[in-house]
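Participant: Following this message is one structure expressed as structure tokens.
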Protein chains: 2
Amino acid sequence: MGKQMTEMLKGTLEGIVLALLTGSPAYGYEITTLLRAQGFTEIAEGTVYALLVRIEQKGLVDVEKRPSEKGPPRKVYTLNSLGEKELDEFWNTWSFLSERLEQLRTGGN
Amino acid sequence: MGKQMTEMLKGTLEGIVLALLTGSPAYGYEITTLLRAQGFTEIAEGTVYALLVRIEQKGLVDVEKRPSEKGPPRKVYTLNSLGEKELDEFWNTWSFLSERLEQLRTGGN
DNA sequence: TCGGCTACTTAGCGTTACTATGTACTAGTA
DNA sequence: TACTAGTACATAGTAACGCTAAGTAGCCGA
């Protein structure tokens with residue numbers, strides 16, 4: 001992956017995953033494929049699992065184990081109220097940054 | 001500073017500074033105050049200087065020392081052609097990320 | 001002379017995404 | 001049976017970057 005993208009994903013990837021979880025619970029492997037489908041083709045599998053461990057430890061998601069037809073049991077992640085709050089803050093932070101950058105790009109030098 | 005913002009600035013702060021340098025050269029202290037004026041009120045001074053060292057070592061800027069009326073000599077940074085190329089790539093990366101996130105926010109779940 | 005502004009530097013830390021590798025289960029196939 | 005591929009999760013070690021904290025150094029006005 002481009003080094004720029006790697007750095008830029010720091011801080012945003014968590015928000016992206018939380019956003020993916022709004023409305024519909026999902027498990028790790030599924031999230032990975034969702035990300036790839038949305039254009040993030042080069043996000044490493046290990047990265048996603050590590051992130052999921054993190055947001056679970058922070059208490060942003062509820063976890064449930066469900067058997068799979070194929071392979072080992074899935075860990076299904078559901079966004080809880082703390083996670084929704086975190087996601088709200090994420091969008092605020094993102095909006096701030098996004099506005100400044102748009103200003104910079106359109107010659108607000 | 002908010003932890004979210006800290007993480008989100010990784011990878012973008014460099015682009016922001018490069019963008020600030022387009023058109024008008026500037027020195028470290030000046031860049032810090034420029035950033036604060038643009039709303040990034042909590043970016044640490046040491047962070048800016050460290051970043052400037054980095055982009056100088058990457059060869060993205062030309063540097064010139066100029067005496068100051070007050071205090072130690074200034075190191076004036078000018079964006080060079082390599083820096084412009086890097087800035088272009090930055091905007092591409094940013095656009096990509098920005099579009100995906102906007103899609104996610106507006107319910108493109 | 002002493003605080004405050006200008007201006008730059010550096011050491012050490014925490015967080016995050018990456019690479020690389022491994023485990024484990026199922027189904028298809030030669 | 002042995003293999004291959006797909007599903008599904010886990011983890012040890014690394015690099016990059018922004019932060020904190022502390023310092024050096026010059027100038028000025030009270």
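The chains in the structure tokens are called A, B, ... from first to last as shown; in each chain the residues are counted from 1, and the ligands are counted from 1 in the order shown.
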With a distance cut-off of 9 Å and only C-alpha atoms (C1' of nucleotides), select the neighbouring residues of stretch 69-84 of chain A, excluding the residue or stretch itself and same-chain residues fewer than 5 positions from it, and output the selection as a PyMOL selection string.
Facilitator: (chain A and resi 18-19+21-29+52+55-56+58-64+89) or (chain C and resi 24-27) or (chain D and resi 6-9)
Participant: Next, dump the selected residues to file, keeping only C-alpha atoms (C1' of nucleotides), as a tab-separated table (two decimals), in the first residue's frame.
Facilitator:
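Heads up, here's the output in result37.tsv:
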chain	number	residue	atom	x	y	z
A	18	LEU	CA	-17.41	1.70	13.29
A	19	ALA	CA	-19.38	3.30	10.46
A	21	LEU	CA	-21.08	-1.56	11.83
A	22	THR	CA	-23.89	0.95	12.20
A	23	GLY	CA	-27.14	-0.78	11.47
A	24	SER	CA	-25.73	-4.18	10.72
A	25	PRO	CA	-23.48	-6.32	12.91
A	26	ALA	CA	-20.62	-8.08	11.15
A	27	TYR	CA	-17.70	-10.39	11.80
A	28	GLY	CA	-14.02	-9.85	11.04
A	29	TYR	CA	-13.70	-11.70	7.79
A	52	LEU	CA	-11.39	-5.30	16.25
A	55	ILE	CA	-12.41	-1.58	19.83
A	56	GLU	CA	-13.65	-4.56	21.81
A	58	LYS	CA	-12.35	-0.13	24.54
A	59	GLY	CA	-15.92	-1.38	24.98
A	60	LEU	CA	-17.25	0.15	21.76
A	61	VAL	CA	-18.79	-3.09	20.52
A	62	ASP	CA	-20.58	-6.13	21.86
A	63	VAL	CA	-19.31	-9.51	20.73
A	64	GLU	CA	-21.10	-12.77	20.11
A	89	GLU	CA	-16.97	12.21	17.85
C	24	DA	C1'	-8.20	-24.53	12.60
C	25	DC	C1'	-12.23	-26.10	10.10
C	26	DT	C1'	-14.75	-27.39	5.64
C	27	DA	C1'	-15.35	-28.91	0.89
D	6	DG	C1'	-11.61	-20.93	0.86
D	7	DT	C1'	-13.27	-19.44	5.41
D	8	DA	C1'	-12.06	-17.41	9.96
D	9	DC	C1'	-9.28	-15.71	13.61
Participant: Taking the chain letters and numbering used in this document, name the residues of chain A that DSSP puts in helix (DSSP H, G or I), as a PyMOL selection string.
Facilitator: chain A and resi 3-9+13-21+28-37+45-57+81-105
Participant: May I have the residues from that selection written out with C-alpha atoms, as a PDB file, in the first residue's frame?
Facilitator:
ATOM      1  CA  LYS A   3       2.933   4.887   2.528  1.00  0.00           C
ATOM      2  CA  GLN A   4       0.797   8.028   2.450  1.00  0.00           C
ATOM      3  CA  MET A   5      -2.382   5.965   2.622  1.00  0.00           C
ATOM      4  CA  THR A   6      -0.983   3.855   5.436  1.00  0.00           C
ATOM      5  CA  GLU A   7      -0.337   6.932   7.534  1.00  0.00           C
ATOM      6  CA  MET A   8      -3.593   8.572   6.615  1.00  0.00           C
ATOM      7  CA  LEU A   9      -5.573   5.520   7.674  1.00  0.00           C
ATOM      8  CA  LEU A  13      -9.723   3.214   9.824  1.00  0.00           C
ATOM      9  CA  GLU A  14     -11.298   2.779  13.225  1.00  0.00           C
ATOM     10  CA  GLY A  15     -14.003   5.267  12.299  1.00  0.00           C
ATOM     11  CA  ILE A  16     -14.565   3.541   8.978  1.00  0.00           C
ATOM     12  CA  VAL A  17     -15.092   0.192  10.682  1.00  0.00           C
ATOM     13  CA  LEU A  18     -17.406   1.698  13.289  1.00  0.00           C
ATOM     14  CA  ALA A  19     -19.379   3.296  10.465  1.00  0.00           C
ATOM     15  CA  LEU A  20     -19.619  -0.046   8.681  1.00  0.00           C
ATOM     16  CA  LEU A  21     -21.078  -1.559  11.832  1.00  0.00           C
ATOM     17  CA  GLY A  28     -14.019  -9.849  11.041  1.00  0.00           C
ATOM     18  CA  TYR A  29     -13.703 -11.705   7.788  1.00  0.00           C
ATOM     19  CA  GLU A  30     -16.869 -10.049   6.536  1.00  0.00           C
ATOM     20  CA  ILE A  31     -15.590  -6.597   7.462  1.00  0.00           C
ATOM     21  CA  THR A  32     -12.375  -7.254   5.586  1.00  0.00           C
ATOM     22  CA  THR A  33     -14.255  -8.162   2.423  1.00  0.00           C
ATOM     23  CA  LEU A  34     -16.609  -5.176   2.894  1.00  0.00           C
ATOM     24  CA  LEU A  35     -13.609  -2.867   3.080  1.00  0.00           C
ATOM     25  CA  ARG A  36     -12.133  -4.386  -0.047  1.00  0.00           C
ATOM     26  CA  ALA A  37     -15.453  -3.966  -1.826  1.00  0.00           C
ATOM     27  CA  GLU A  45      -6.377  -8.924   7.189  1.00  0.00           C
ATOM     28  CA  GLY A  46      -4.254  -8.766  10.310  1.00  0.00           C
ATOM     29  CA  THR A  47      -4.863  -5.057  10.562  1.00  0.00           C
ATOM     30  CA  VAL A  48      -8.608  -5.540  10.744  1.00  0.00           C
ATOM     31  CA  TYR A  49      -8.425  -8.216  13.431  1.00  0.00           C
ATOM     32  CA  ALA A  50      -6.070  -6.132  15.526  1.00  0.00           C
ATOM     33  CA  LEU A  51      -8.420  -3.176  15.221  1.00  0.00           C
ATOM     34  CA  LEU A  52     -11.388  -5.304  16.250  1.00  0.00           C
ATOM     35  CA  VAL A  53      -9.548  -6.491  19.346  1.00  0.00           C
ATOM     36  CA  ARG A  54      -8.867  -2.854  20.176  1.00  0.00           C
ATOM     37  CA  ILE A  55     -12.406  -1.580  19.832  1.00  0.00           C
ATOM     38  CA  GLU A  56     -13.647  -4.560  21.815  1.00  0.00           C
ATOM     39  CA  GLN A  57     -11.240  -3.753  24.639  1.00  0.00           C
ATOM     40  CA  SER A  81     -24.085   2.989  22.693  1.00  0.00           C
ATOM     41  CA  LEU A  82     -20.502   3.795  23.661  1.00  0.00           C
ATOM     42  CA  GLY A  83     -19.452   2.947  20.128  1.00  0.00           C
ATOM     43  CA  GLU A  84     -22.116   5.226  18.704  1.00  0.00           C
ATOM     44  CA  LYS A  85     -20.840   8.052  20.865  1.00  0.00           C
ATOM     45  CA  GLU A  86     -17.298   7.404  19.666  1.00  0.00           C
ATOM     46  CA  LEU A  87     -18.517   7.375  16.076  1.00  0.00           C
ATOM     47  CA  ASP A  88     -20.229  10.733  16.605  1.00  0.00           C
ATOM     48  CA  GLU A  89     -16.974  12.208  17.854  1.00  0.00           C
ATOM     49  CA  PHE A  90     -15.171  10.652  14.929  1.00  0.00           C
ATOM     50  CA  TRP A  91     -17.460  12.427  12.466  1.00  0.00           C
ATOM     51  CA  ASN A  92     -16.937  15.706  14.292  1.00  0.00           C
ATOM     52  CA  THR A  93     -13.175  15.363  14.152  1.00  0.00           C
ATOM     53  CA  TRP A  94     -13.347  14.307  10.541  1.00  0.00           C
ATOM     54  CA  SER A  95     -15.576  17.248   9.596  1.00  0.00           C
ATOM     55  CA  PHE A  96     -13.189  19.702  11.182  1.00  0.00           C
ATOM     56  CA  LEU A  97     -10.181  18.288   9.359  1.00  0.00           C
ATOM     57  CA  SER A  98     -12.074  17.915   6.121  1.00  0.00           C
ATOM     58  CA  GLU A  99     -13.195  21.543   6.122  1.00  0.00           C
ATOM     59  CA  ARG A 100      -9.696  22.883   6.807  1.00  0.00           C
ATOM     60  CA  LEU A 101      -8.248  20.794   4.022  1.00  0.00           C
ATOM     61  CA  GLU A 102     -10.907  21.779   1.534  1.00  0.00           C
ATOM     62  CA  GLN A 103     -10.157  25.380   2.407  1.00  0.00           C
ATOM     63  CA  LEU A 104      -6.461  24.790   1.838  1.00  0.00           C
ATOM     64  CA  ARG A 105      -7.016  23.031  -1.449  1.00  0.00           C
TER      65      ARG A 105
END
Participant: Smallest atom-to-atom distance to chain B: which of A:Arg66, A:Lys10, A:Gly2, A:Ile43, using only C-alpha atoms?
Facilitator: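 The closest residue to chain B is A:Lys10.
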Participant: Is it possible to get the superposed chain B, fitted on chain A over all Cα pairs by sequence order, as a compact mmCIF listing (two decimals) with N, CA and C atoms, in the first residue's frame?
Facilitator:
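The file below, result.txt, is the result:
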# COMPACT_ATOMS: atom_id res chain seq x y z
N MET B 1 0.81 -1.28 -0.01
CA MET B 1 -0.03 -0.06 -0.03
C MET B 1 0.88 1.17 -0.04
N GLY B 2 0.34 2.25 -0.59
CA GLY B 2 1.11 3.49 -0.56
C GLY B 2 1.39 3.91 0.87
N LYS B 3 2.58 4.45 1.09
CA LYS B 3 2.94 4.84 2.44
C LYS B 3 2.04 5.96 2.94
N GLN B 4 1.71 6.88 2.02
CA GLN B 4 0.81 7.98 2.39
C GLN B 4 -0.52 7.45 2.90
N MET B 5 -1.09 6.51 2.16
CA MET B 5 -2.38 5.94 2.56
C MET B 5 -2.28 5.25 3.92
N THR B 6 -1.21 4.50 4.09
CA THR B 6 -0.99 3.83 5.38
C THR B 6 -1.06 4.82 6.53
N GLU B 7 -0.35 5.92 6.36
CA GLU B 7 -0.32 6.90 7.45
C GLU B 7 -1.68 7.59 7.60
N MET B 8 -2.30 7.85 6.47
CA MET B 8 -3.57 8.58 6.53
C MET B 8 -4.68 7.73 7.15
N LEU B 9 -4.56 6.43 7.04
CA LEU B 9 -5.58 5.55 7.61
C LEU B 9 -5.53 5.51 9.14
N LYS B 10 -4.38 5.91 9.67
CA LYS B 10 -4.27 5.92 11.13
C LYS B 10 -5.31 6.87 11.70
N GLY B 11 -6.14 6.35 12.53
CA GLY B 11 -7.18 7.17 13.14
C GLY B 11 -8.47 7.16 12.36
N THR B 12 -8.39 6.97 11.04
CA THR B 12 -9.64 6.97 10.27
C THR B 12 -10.17 5.55 10.07
N LEU B 13 -9.28 4.58 10.03
CA LEU B 13 -9.74 3.22 9.79
C LEU B 13 -10.71 2.77 10.88
N GLU B 14 -10.41 3.13 12.11
CA GLU B 14 -11.31 2.77 13.20
C GLU B 14 -12.71 3.36 12.97
N GLY B 15 -12.74 4.61 12.58
CA GLY B 15 -14.02 5.26 12.28
C GLY B 15 -14.74 4.58 11.13
N ILE B 16 -13.99 4.21 10.12
CA ILE B 16 -14.59 3.54 8.96
C ILE B 16 -15.26 2.24 9.39
N VAL B 17 -14.57 1.48 10.22
CA VAL B 17 -15.13 0.20 10.67
C VAL B 17 -16.35 0.43 11.55
N LEU B 18 -16.26 1.40 12.45
CA LEU B 18 -17.44 1.71 13.28
C LEU B 18 -18.62 2.11 12.40
N ALA B 19 -18.34 2.88 11.37
CA ALA B 19 -19.40 3.31 10.46
C ALA B 19 -20.01 2.11 9.73
N LEU B 20 -19.15 1.18 9.36
CA LEU B 20 -19.64 -0.03 8.68
C LEU B 20 -20.57 -0.83 9.59
N LEU B 21 -20.31 -0.74 10.89
CA LEU B 21 -21.08 -1.55 11.84
C LEU B 21 -22.44 -0.94 12.20
N THR B 22 -22.64 0.34 11.87
CA THR B 22 -23.93 0.96 12.21
C THR B 22 -25.03 0.28 11.42
N GLY B 23 -26.02 -0.15 12.14
CA GLY B 23 -27.15 -0.77 11.46
C GLY B 23 -27.04 -2.28 11.35
N SER B 24 -25.87 -2.74 10.89
CA SER B 24 -25.74 -4.19 10.72
C SER B 24 -24.47 -4.75 11.34
N PRO B 25 -24.62 -5.63 12.31
CA PRO B 25 -23.48 -6.31 12.91
C PRO B 25 -22.70 -7.08 11.84
N ALA B 26 -21.45 -7.34 12.12
CA ALA B 26 -20.63 -8.07 11.15
C ALA B 26 -19.47 -8.75 11.87
N TYR B 27 -18.86 -9.70 11.22
CA TYR B 27 -17.69 -10.37 11.80
C TYR B 27 -16.46 -10.01 10.99
N GLY B 28 -15.30 -10.32 11.57
CA GLY B 28 -14.03 -9.85 11.03
C GLY B 28 -13.79 -10.09 9.56
N TYR B 29 -13.95 -11.32 9.18
CA TYR B 29 -13.69 -11.68 7.79
C TYR B 29 -14.61 -10.89 6.86
N GLU B 30 -15.87 -10.77 7.30
CA GLU B 30 -16.87 -10.03 6.53
C GLU B 30 -16.47 -8.56 6.38
N ILE B 31 -16.02 -7.98 7.48
CA ILE B 31 -15.60 -6.58 7.46
C ILE B 31 -14.44 -6.37 6.49
N THR B 32 -13.50 -7.32 6.52
CA THR B 32 -12.38 -7.23 5.59
C THR B 32 -12.86 -7.21 4.15
N THR B 33 -13.79 -8.11 3.81
CA THR B 33 -14.28 -8.16 2.43
C THR B 33 -15.11 -6.92 2.10
N LEU B 34 -15.86 -6.42 3.09
CA LEU B 34 -16.62 -5.19 2.90
C LEU B 34 -15.69 -4.03 2.55
N LEU B 35 -14.61 -3.93 3.32
CA LEU B 35 -13.63 -2.88 3.08
C LEU B 35 -13.07 -2.98 1.67
N ARG B 36 -12.71 -4.18 1.29
CA ARG B 36 -12.15 -4.37 -0.05
C ARG B 36 -13.17 -3.98 -1.11
N ALA B 37 -14.42 -4.31 -0.85
CA ALA B 37 -15.47 -3.97 -1.82
C ALA B 37 -15.64 -2.46 -1.95
N GLN B 38 -15.35 -1.75 -0.87
CA GLN B 38 -15.51 -0.30 -0.89
C GLN B 38 -14.28 0.41 -1.43
N GLY B 39 -13.33 -0.34 -1.93
CA GLY B 39 -12.18 0.29 -2.56
C GLY B 39 -10.89 0.20 -1.76
N PHE B 40 -10.98 -0.19 -0.49
CA PHE B 40 -9.77 -0.32 0.32
C PHE B 40 -9.18 -1.70 0.06
N THR B 41 -8.70 -1.87 -1.16
CA THR B 41 -8.31 -3.21 -1.60
C THR B 41 -7.07 -3.76 -0.92
N GLU B 42 -6.31 -2.86 -0.32
CA GLU B 42 -5.01 -3.32 0.17
C GLU B 42 -4.89 -3.36 1.69
N ILE B 43 -6.01 -3.25 2.36
CA ILE B 43 -5.93 -3.30 3.82
C ILE B 43 -5.69 -4.74 4.28
N ALA B 44 -4.62 -4.92 5.07
CA ALA B 44 -4.21 -6.25 5.49
C ALA B 44 -5.23 -6.86 6.45
N GLU B 45 -5.40 -8.16 6.33
CA GLU B 45 -6.33 -8.87 7.19
C GLU B 45 -5.97 -8.68 8.66
N GLY B 46 -4.69 -8.85 8.95
CA GLY B 46 -4.23 -8.73 10.32
C GLY B 46 -4.55 -7.37 10.92
N THR B 47 -4.53 -6.36 10.10
CA THR B 47 -4.85 -5.01 10.56
C THR B 47 -6.28 -4.93 11.07
N VAL B 48 -7.19 -5.54 10.33
CA VAL B 48 -8.60 -5.50 10.71
C VAL B 48 -8.83 -6.24 12.03
N TYR B 49 -8.25 -7.42 12.16
CA TYR B 49 -8.46 -8.18 13.38
C TYR B 49 -7.88 -7.46 14.59
N ALA B 50 -6.72 -6.87 14.41
CA ALA B 50 -6.10 -6.12 15.51
C ALA B 50 -6.99 -4.95 15.92
N LEU B 51 -7.54 -4.29 14.94
CA LEU B 51 -8.44 -3.16 15.20
C LEU B 51 -9.68 -3.62 15.96
N LEU B 52 -10.21 -4.77 15.58
CA LEU B 52 -11.41 -5.29 16.25
C LEU B 52 -11.14 -5.62 17.71
N VAL B 53 -9.97 -6.20 17.95
CA VAL B 53 -9.58 -6.47 19.34
C VAL B 53 -9.55 -5.16 20.13
N ARG B 54 -9.01 -4.13 19.50
CA ARG B 54 -8.88 -2.84 20.17
C ARG B 54 -10.24 -2.24 20.52
N ILE B 55 -11.14 -2.20 19.54
CA ILE B 55 -12.42 -1.58 19.83
C ILE B 55 -13.25 -2.43 20.79
N GLU B 56 -12.99 -3.72 20.82
CA GLU B 56 -13.66 -4.56 21.81
C GLU B 56 -13.15 -4.21 23.21
N GLN B 57 -11.83 -4.07 23.33
CA GLN B 57 -11.25 -3.74 24.63
C GLN B 57 -11.67 -2.36 25.11
N LYS B 58 -11.91 -1.47 24.18
CA LYS B 58 -12.38 -0.13 24.54
C LYS B 58 -13.86 -0.15 24.87
N GLY B 59 -14.51 -1.25 24.63
CA GLY B 59 -15.93 -1.38 24.98
C GLY B 59 -16.86 -0.69 23.99
N LEU B 60 -16.43 -0.54 22.75
CA LEU B 60 -17.26 0.15 21.76
C LEU B 60 -18.21 -0.80 21.04
N VAL B 61 -17.98 -2.08 21.20
CA VAL B 61 -18.80 -3.08 20.52
C VAL B 61 -19.15 -4.23 21.47
N ASP B 62 -20.26 -4.88 21.18
CA ASP B 62 -20.60 -6.13 21.86
C ASP B 62 -20.24 -7.28 20.93
N VAL B 63 -19.82 -8.38 21.52
CA VAL B 63 -19.32 -9.49 20.73
C VAL B 63 -20.12 -10.76 21.02
N GLU B 64 -20.38 -11.50 19.97
CA GLU B 64 -21.10 -12.76 20.12
C GLU B 64 -20.47 -13.79 19.20
N LYS B 65 -20.25 -14.98 19.73
CA LYS B 65 -19.67 -16.03 18.91
C LYS B 65 -20.75 -16.85 18.25
N ARG B 66 -20.63 -17.06 16.97
CA ARG B 66 -21.62 -17.85 16.25
C ARG B 66 -20.92 -18.88 15.37
N PRO B 67 -21.43 -20.10 15.37
CA PRO B 67 -20.81 -21.13 14.52
C PRO B 67 -20.94 -20.77 13.05
N SER B 68 -19.96 -21.16 12.29
CA SER B 68 -19.97 -20.91 10.85
C SER B 68 -20.16 -22.22 10.10
N GLU B 69 -20.76 -22.13 8.92
CA GLU B 69 -20.90 -23.34 8.11
C GLU B 69 -19.52 -23.79 7.62
N LYS B 70 -18.67 -22.82 7.44
CA LYS B 70 -17.35 -23.11 6.92
C LYS B 70 -16.31 -22.51 7.84
N GLY B 71 -15.46 -23.34 8.36
CA GLY B 71 -14.36 -22.84 9.16
C GLY B 71 -14.73 -22.56 10.60
N PRO B 72 -13.82 -21.93 11.30
CA PRO B 72 -13.95 -21.67 12.74
C PRO B 72 -15.12 -20.74 13.03
N PRO B 73 -15.59 -20.71 14.28
CA PRO B 73 -16.71 -19.85 14.65
C PRO B 73 -16.41 -18.38 14.39
N ARG B 74 -17.47 -17.65 14.04
CA ARG B 74 -17.32 -16.22 13.77
C ARG B 74 -17.48 -15.41 15.04
N LYS B 75 -16.77 -14.31 15.12
CA LYS B 75 -17.00 -13.35 16.21
C LYS B 75 -17.77 -12.17 15.61
N VAL B 76 -19.04 -12.08 15.99
CA VAL B 76 -19.90 -11.05 15.41
C VAL B 76 -19.89 -9.80 16.30
N TYR B 77 -19.57 -8.67 15.69
CA TYR B 77 -19.44 -7.41 16.42
C TYR B 77 -20.66 -6.53 16.19
N THR B 78 -21.21 -6.01 17.29
CA THR B 78 -22.35 -5.09 17.21
C THR B 78 -21.98 -3.78 17.88
N LEU B 79 -22.24 -2.67 17.20
CA LEU B 79 -21.97 -1.35 17.78
C LEU B 79 -22.90 -1.11 18.96
N ASN B 80 -22.36 -0.75 20.11
CA ASN B 80 -23.21 -0.40 21.25
C ASN B 80 -23.26 1.12 21.44
N SER B 81 -23.88 1.56 22.53
CA SER B 81 -24.10 3.00 22.69
C SER B 81 -22.79 3.77 22.83
N LEU B 82 -21.82 3.15 23.52
CA LEU B 82 -20.52 3.80 23.65
C LEU B 82 -19.86 3.94 22.27
N GLY B 83 -20.03 2.92 21.48
CA GLY B 83 -19.48 2.94 20.13
C GLY B 83 -20.13 4.02 19.27
N GLU B 84 -21.43 4.19 19.46
CA GLU B 84 -22.13 5.22 18.70
C GLU B 84 -21.63 6.61 19.08
N LYS B 85 -21.37 6.77 20.38
CA LYS B 85 -20.86 8.05 20.85
C LYS B 85 -19.48 8.31 20.24
N GLU B 86 -18.66 7.29 20.24
CA GLU B 86 -17.32 7.39 19.65
C GLU B 86 -17.41 7.72 18.16
N LEU B 87 -18.36 7.11 17.49
CA LEU B 87 -18.55 7.37 16.06
C LEU B 87 -18.97 8.82 15.80
N ASP B 88 -19.84 9.31 16.66
CA ASP B 88 -20.22 10.73 16.58
C ASP B 88 -19.01 11.64 16.66
N GLU B 89 -18.18 11.37 17.67
CA GLU B 89 -16.97 12.18 17.85
C GLU B 89 -16.05 12.04 16.64
N PHE B 90 -16.00 10.84 16.10
CA PHE B 90 -15.18 10.62 14.91
C PHE B 90 -15.64 11.52 13.76
N TRP B 91 -16.95 11.56 13.53
CA TRP B 91 -17.46 12.39 12.45
C TRP B 91 -17.18 13.88 12.70
N ASN B 92 -17.26 14.29 13.94
CA ASN B 92 -16.92 15.68 14.27
C ASN B 92 -15.47 15.98 13.94
N THR B 93 -14.58 15.10 14.40
CA THR B 93 -13.16 15.29 14.14
C THR B 93 -12.89 15.30 12.64
N TRP B 94 -13.50 14.35 11.97
CA TRP B 94 -13.33 14.25 10.51
C TRP B 94 -13.82 15.51 9.80
N SER B 95 -14.97 15.99 10.20
CA SER B 95 -15.53 17.19 9.57
C SER B 95 -14.59 18.37 9.72
N PHE B 96 -14.10 18.53 10.92
CA PHE B 96 -13.16 19.63 11.18
C PHE B 96 -11.98 19.56 10.23
N LEU B 97 -11.33 18.40 10.20
CA LEU B 97 -10.15 18.22 9.37
C LEU B 97 -10.49 18.41 7.90
N SER B 98 -11.60 17.83 7.52
CA SER B 98 -12.04 17.86 6.13
C SER B 98 -12.26 19.30 5.65
N GLU B 99 -12.89 20.09 6.50
CA GLU B 99 -13.16 21.49 6.14
C GLU B 99 -11.87 22.29 5.99
N ARG B 100 -10.94 22.10 6.94
CA ARG B 100 -9.67 22.84 6.85
C ARG B 100 -8.94 22.47 5.57
N LEU B 101 -8.95 21.19 5.24
CA LEU B 101 -8.21 20.75 4.06
C LEU B 101 -8.86 21.25 2.79
N GLU B 102 -10.18 21.25 2.77
CA GLU B 102 -10.86 21.74 1.57
C GLU B 102 -10.55 23.22 1.37
N GLN B 103 -10.48 23.93 2.49
CA GLN B 103 -10.13 25.35 2.46
C GLN B 103 -8.72 25.55 1.90
N LEU B 104 -7.82 24.69 2.36
CA LEU B 104 -6.43 24.78 1.92
C LEU B 104 -6.31 24.47 0.43
N ARG B 105 -7.06 23.46 -0.01
CA ARG B 105 -6.96 23.04 -1.40
C ARG B 105 -7.47 24.10 -2.35
N THR B 106 -8.55 24.76 -1.96
CA THR B 106 -9.14 25.77 -2.83
C THR B 106 -8.50 27.14 -2.62
N GLY B 107 -7.21 27.10 -2.33
CA GLY B 107 -6.46 28.34 -2.32
C GLY B 107 -6.68 29.25 -1.13
N GLY B 108 -7.22 28.73 -0.06
CA GLY B 108 -7.39 29.54 1.13
C GLY B 108 -6.09 29.69 1.89
N ASN B 109 -5.03 29.83 1.13
CA ASN B 109 -3.69 29.85 1.67
C ASN B 109 -3.43 31.06 2.55
Participant: Do you know which residues are at most 12 Å from C:DC2 counting only C-alpha atoms (C1' of nucleotides), after dropping those on the same chain fewer than 2 positions away, and could you put them as a list of chain:residue names?
Facilitator: C:DG4, D:DC28, D:DG29, D:DA30
Participant: Using DSSP secondary structure from the backbone, list all strand (DSSP E) positions within chain A, as a PDB file with N, CA and C atoms, in the first residue's frame.
Facilitator:
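Saved result, result_8.pdb, follows:
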ATOM      1  N   ALA A  26     -21.442  -7.338  12.107  1.00  0.00           N
ATOM      2  CA  ALA A  26     -20.622  -8.082  11.149  1.00  0.00           C
ATOM      3  C   ALA A  26     -19.464  -8.756  11.873  1.00  0.00           C
ATOM      4  N   TYR A  27     -18.865  -9.717  11.214  1.00  0.00           N
ATOM      5  CA  TYR A  27     -17.696 -10.386  11.797  1.00  0.00           C
ATOM      6  C   TYR A  27     -16.448 -10.028  10.986  1.00  0.00           C
ATOM      7  N   VAL A  61     -17.974  -2.091  21.214  1.00  0.00           N
ATOM      8  CA  VAL A  61     -18.790  -3.090  20.521  1.00  0.00           C
ATOM      9  C   VAL A  61     -19.133  -4.245  21.463  1.00  0.00           C
ATOM     10  N   ASP A  62     -20.250  -4.893  21.171  1.00  0.00           N
ATOM     11  CA  ASP A  62     -20.584  -6.130  21.856  1.00  0.00           C
ATOM     12  C   ASP A  62     -20.230  -7.289  20.934  1.00  0.00           C
ATOM     13  N   VAL A  63     -19.799  -8.396  21.536  1.00  0.00           N
ATOM     14  CA  VAL A  63     -19.308  -9.510  20.732  1.00  0.00           C
ATOM     15  C   VAL A  63     -20.111 -10.767  21.021  1.00  0.00           C
ATOM     16  N   GLU A  64     -20.381 -11.509  19.969  1.00  0.00           N
ATOM     17  CA  GLU A  64     -21.101 -12.767  20.115  1.00  0.00           C
ATOM     18  C   GLU A  64     -20.475 -13.800  19.196  1.00  0.00           C
ATOM     19  N   LYS A  65     -20.271 -15.002  19.734  1.00  0.00           N
ATOM     20  CA  LYS A  65     -19.686 -16.059  18.906  1.00  0.00           C
ATOM     21  C   LYS A  65     -20.769 -16.882  18.254  1.00  0.00           C
ATOM     22  N   ARG A  66     -20.642 -17.072  16.961  1.00  0.00           N
ATOM     23  CA  ARG A  66     -21.628 -17.873  16.246  1.00  0.00           C
ATOM     24  C   ARG A  66     -20.939 -18.905  15.370  1.00  0.00           C
ATOM     25  N   ARG A  74     -17.476 -17.666  14.016  1.00  0.00           N
ATOM     26  CA  ARG A  74     -17.324 -16.234  13.751  1.00  0.00           C
ATOM     27  C   ARG A  74     -17.486 -15.433  15.031  1.00  0.00           C
ATOM     28  N   LYS A  75     -16.776 -14.320  15.094  1.00  0.00           N
ATOM     29  CA  LYS A  75     -17.001 -13.378  16.187  1.00  0.00           C
ATOM     30  C   LYS A  75     -17.762 -12.193  15.603  1.00  0.00           C
ATOM     31  N   VAL A  76     -19.042 -12.093  15.971  1.00  0.00           N
ATOM     32  CA  VAL A  76     -19.902 -11.053  15.403  1.00  0.00           C
ATOM     33  C   VAL A  76     -19.880  -9.811  16.289  1.00  0.00           C
ATOM     34  N   TYR A  77     -19.564  -8.668  15.687  1.00  0.00           N
ATOM     35  CA  TYR A  77     -19.432  -7.416  16.418  1.00  0.00           C
ATOM     36  C   TYR A  77     -20.648  -6.524  16.186  1.00  0.00           C
ATOM     37  N   THR A  78     -21.205  -6.015  17.298  1.00  0.00           N
ATOM     38  CA  THR A  78     -22.333  -5.089  17.214  1.00  0.00           C
ATOM     39  C   THR A  78     -21.957  -3.778  17.881  1.00  0.00           C
ATOM     40  N   LEU A  79     -22.219  -2.687  17.213  1.00  0.00           N
ATOM     41  CA  LEU A  79     -21.945  -1.364  17.777  1.00  0.00           C
ATOM     42  C   LEU A  79     -22.877  -1.114  18.959  1.00  0.00           C
TER      43      LEU A  79
END
Participant: Write out as a count of residues only the residues lying within 12 Å of D:DA12, counting only C-alpha atoms (C1' of nucleotides) and excluding same-chain residues fewer than 2 positions away.
Facilitator: 7
Participant: Kindly provide the residues of chain D that approach chain B to within 6 Å, each paired with its closest atom pair and their distance in Å to one decimal, based on only C-alpha atoms (C1' of nucleotides), listed by chain and increasing number, as a Markdown table.
Facilitator:
| residue | atom | partner | partner_atom | distance |
| --- | --- | --- | --- | --- |
| D:DC17 | C1' | B:Lys10 | CA | 5.9 |
| D:DG26 | C1' | B:Gly71 | CA | 4.1 |
| D:DC27 | C1' | B:Lys70 | CA | 5.2 |
